[in-house]
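Student: I am attaching a structure below and will ask some questions about it afterwards.
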Amino acid sequence: MKTIVYMVRHAESPYTEGTERTRGLTLEGKVNAAKITEMLKDEGIHTIISSPYARAVLTLEGLAPMDML
């Protein structure tokens with residue numbers, strides 16, 4: 001069995017002091033997250049491990065099956 005690991009950095013998020021865990025994505029970040037989803041959607045990804053920070057989750061949520069969310 002072959003295992004492939006994809007490492008994805010979170011997409012762009014707006015910097016606001018004190019909102020480290022909750023800041024989302026900028027418009028450009030949302031566009032980039034959609035591009036990552038498009039690039040990886042057919043790769044058969046069945047496990048996603050992410051930081052709990054909102055910007056990380058928002059970057060990858062398009063790849064997660066409903067039972068992962």
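As shown in the structure tokens, the chain order sets the letters A, B, ...; within each chain, residues go from 1, and ligands are also counted from 1 in the order they appear.
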From a backbone DSSP assignment, name each residue in range 1-66 of chain A labelled helix (DSSP H, G or I), as a list in words.
Tutor: Leu27, Glu28, Gly29, Lys30, Val31, Asn32, Ala33, Ala34, Lys35, Ile36, Thr37, Glu38, Met39, Leu40, Ala54, Arg55, Ala56, Val57, Leu58, Thr59, Leu60, Glu61, Gly62, Leu63 and Met66 of chain A
Student: Which residues come within 12 Å of Thr22 in chain A, counting only C-alpha atoms, excluding same-chain residues fewer than 6 positions away, as a PDB file with N, CA and C atoms, in the first residue's frame?
Tutor:
```
ATOM      1  N   SER A  13      -4.811  34.982   5.347  1.00  0.00           N
ATOM      2  CA  SER A  13      -5.809  35.439   6.312  1.00  0.00           C
ATOM      3  C   SER A  13      -5.457  36.856   6.758  1.00  0.00           C
ATOM      4  N   PRO A  14      -6.471  37.637   7.132  1.00  0.00           N
ATOM      5  CA  PRO A  14      -6.200  39.004   7.565  1.00  0.00           C
ATOM      6  C   PRO A  14      -5.586  38.990   8.959  1.00  0.00           C
ATOM      7  N   TYR A  15      -4.554  39.801   9.185  1.00  0.00           N
ATOM      8  CA  TYR A  15      -3.944  39.836  10.515  1.00  0.00           C
ATOM      9  C   TYR A  15      -4.672  40.856  11.375  1.00  0.00           C
ATOM     10  N   THR A  16      -5.185  40.383  12.476  1.00  0.00           N
ATOM     11  CA  THR A  16      -5.807  41.233  13.477  1.00  0.00           C
ATOM     12  C   THR A  16      -5.301  40.768  14.827  1.00  0.00           C
ATOM     13  N   SER A  51      -4.595  21.960  11.874  1.00  0.00           N
ATOM     14  CA  SER A  51      -4.632  22.834  13.035  1.00  0.00           C
ATOM     15  C   SER A  51      -6.100  23.178  13.285  1.00  0.00           C
ATOM     16  N   PRO A  52      -6.486  23.444  14.525  1.00  0.00           N
ATOM     17  CA  PRO A  52      -7.870  23.842  14.790  1.00  0.00           C
ATOM     18  C   PRO A  52      -8.142  25.312  14.458  1.00  0.00           C
ATOM     19  N   TYR A  53      -7.115  26.068  14.086  1.00  0.00           N
ATOM     20  CA  TYR A  53      -7.305  27.478  13.763  1.00  0.00           C
ATOM     21  C   TYR A  53      -8.240  27.597  12.560  1.00  0.00           C
ATOM     22  N   ALA A  54      -9.126  28.572  12.606  1.00  0.00           N
ATOM     23  CA  ALA A  54     -10.157  28.733  11.573  1.00  0.00           C
ATOM     24  C   ALA A  54      -9.568  28.809  10.172  1.00  0.00           C
ATOM     25  N   ARG A  55      -8.484  29.558   9.998  1.00  0.00           N
ATOM     26  CA  ARG A  55      -7.920  29.721   8.646  1.00  0.00           C
ATOM     27  C   ARG A  55      -7.412  28.405   8.072  1.00  0.00           C
ATOM     28  N   ALA A  56      -6.927  27.509   8.917  1.00  0.00           N
ATOM     29  CA  ALA A  56      -6.452  26.202   8.448  1.00  0.00           C
ATOM     30  C   ALA A  56      -7.634  25.315   8.059  1.00  0.00           C
ATOM     31  N   VAL A  57      -8.648  25.305   8.898  1.00  0.00           N
ATOM     32  CA  VAL A  57      -9.839  24.493   8.616  1.00  0.00           C
ATOM     33  C   VAL A  57     -10.534  24.997   7.353  1.00  0.00           C
ATOM     34  N   LEU A  58     -10.680  26.306   7.231  1.00  0.00           N
ATOM     35  CA  LEU A  58     -11.338  26.873   6.055  1.00  0.00           C
ATOM     36  C   LEU A  58     -10.579  26.584   4.765  1.00  0.00           C
TER      37      LEU A  58
END
```
Student: Between CA of Lys35 in chain A and CA of Glu17 in chain A, what is the spacing in Å?
Tutor: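 Between CA of Glu17 in chain A and CA of Lys35 in chain A the gap works out to 27.7 Å.
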Student: Fewer than 5 positions away in the same chain doesn't count, so skip those; otherwise give me all residues within 9 Å of Val31 in chain A, counting only C-alpha atoms, as JSON, numbers by chain.
Tutor: {"A": [11, 26, 36]}
Student: Any idea what's packed within 9 Å of Glu12 in chain A, counting only C-alpha atoms, ignoring anything in its chain fewer than 4 positions away? Could you give it as a PyMOL selection string?
Tutor: chain A and resi 24-30+32-33+55
Student: Would you export the selected residues with N, CA and C atoms as a short mmCIF file (atom, residue, chain, number, x, y, z; two decimals), in the first residue's frame, please?
Tutor:
```
data_model
loop_
_atom_site.label_atom_id
_atom_site.label_comp_id
_atom_site.auth_asym_id
_atom_site.auth_seq_id
_atom_site.Cartn_x
_atom_site.Cartn_y
_atom_site.Cartn_z
N GLY A 24 -10.41 34.28 9.83
CA GLY A 24 -10.74 33.48 8.64
C GLY A 24 -9.78 33.73 7.50
N LEU A 25 -10.34 33.78 6.31
CA LEU A 25 -9.53 33.97 5.10
C LEU A 25 -9.90 35.29 4.43
N THR A 26 -8.92 35.89 3.76
CA THR A 26 -9.21 37.05 2.93
C THR A 26 -9.89 36.55 1.66
N LEU A 27 -10.34 37.50 0.83
CA LEU A 27 -10.94 37.11 -0.45
C LEU A 27 -9.92 36.31 -1.27
N GLU A 28 -8.67 36.78 -1.31
CA GLU A 28 -7.63 36.04 -2.03
C GLU A 28 -7.41 34.66 -1.41
N GLY A 29 -7.47 34.57 -0.10
CA GLY A 29 -7.33 33.29 0.59
C GLY A 29 -8.43 32.32 0.21
N LYS A 30 -9.65 32.83 0.09
CA LYS A 30 -10.78 31.98 -0.31
C LYS A 30 -10.59 31.46 -1.75
N ASN A 32 -7.68 31.03 -3.23
CA ASN A 32 -6.61 30.05 -3.18
C ASN A 32 -7.06 28.73 -2.57
N ALA A 33 -7.92 28.79 -1.55
CA ALA A 33 -8.46 27.56 -0.95
C ALA A 33 -9.26 26.78 -1.99
N ARG A 55 -8.48 29.56 10.00
CA ARG A 55 -7.92 29.72 8.65
C ARG A 55 -7.41 28.40 8.07
#
```
Student: Excluding Glu43 in chain A and residues on its chain fewer than 2 positions from it, collect all residues at most 12 Å away from it, counting only C-alpha atoms, and give them as a PyMOL selection string.
Tutor: chain A and resi 3-6+36-41+45-47+63
Student: Of the candidates A:Arg21, A:Thr59, A:Asp42, A:Ala34, which one gets nearest to Arg9 in chain A if we count only C-alpha atoms?
Tutor: A:Thr59
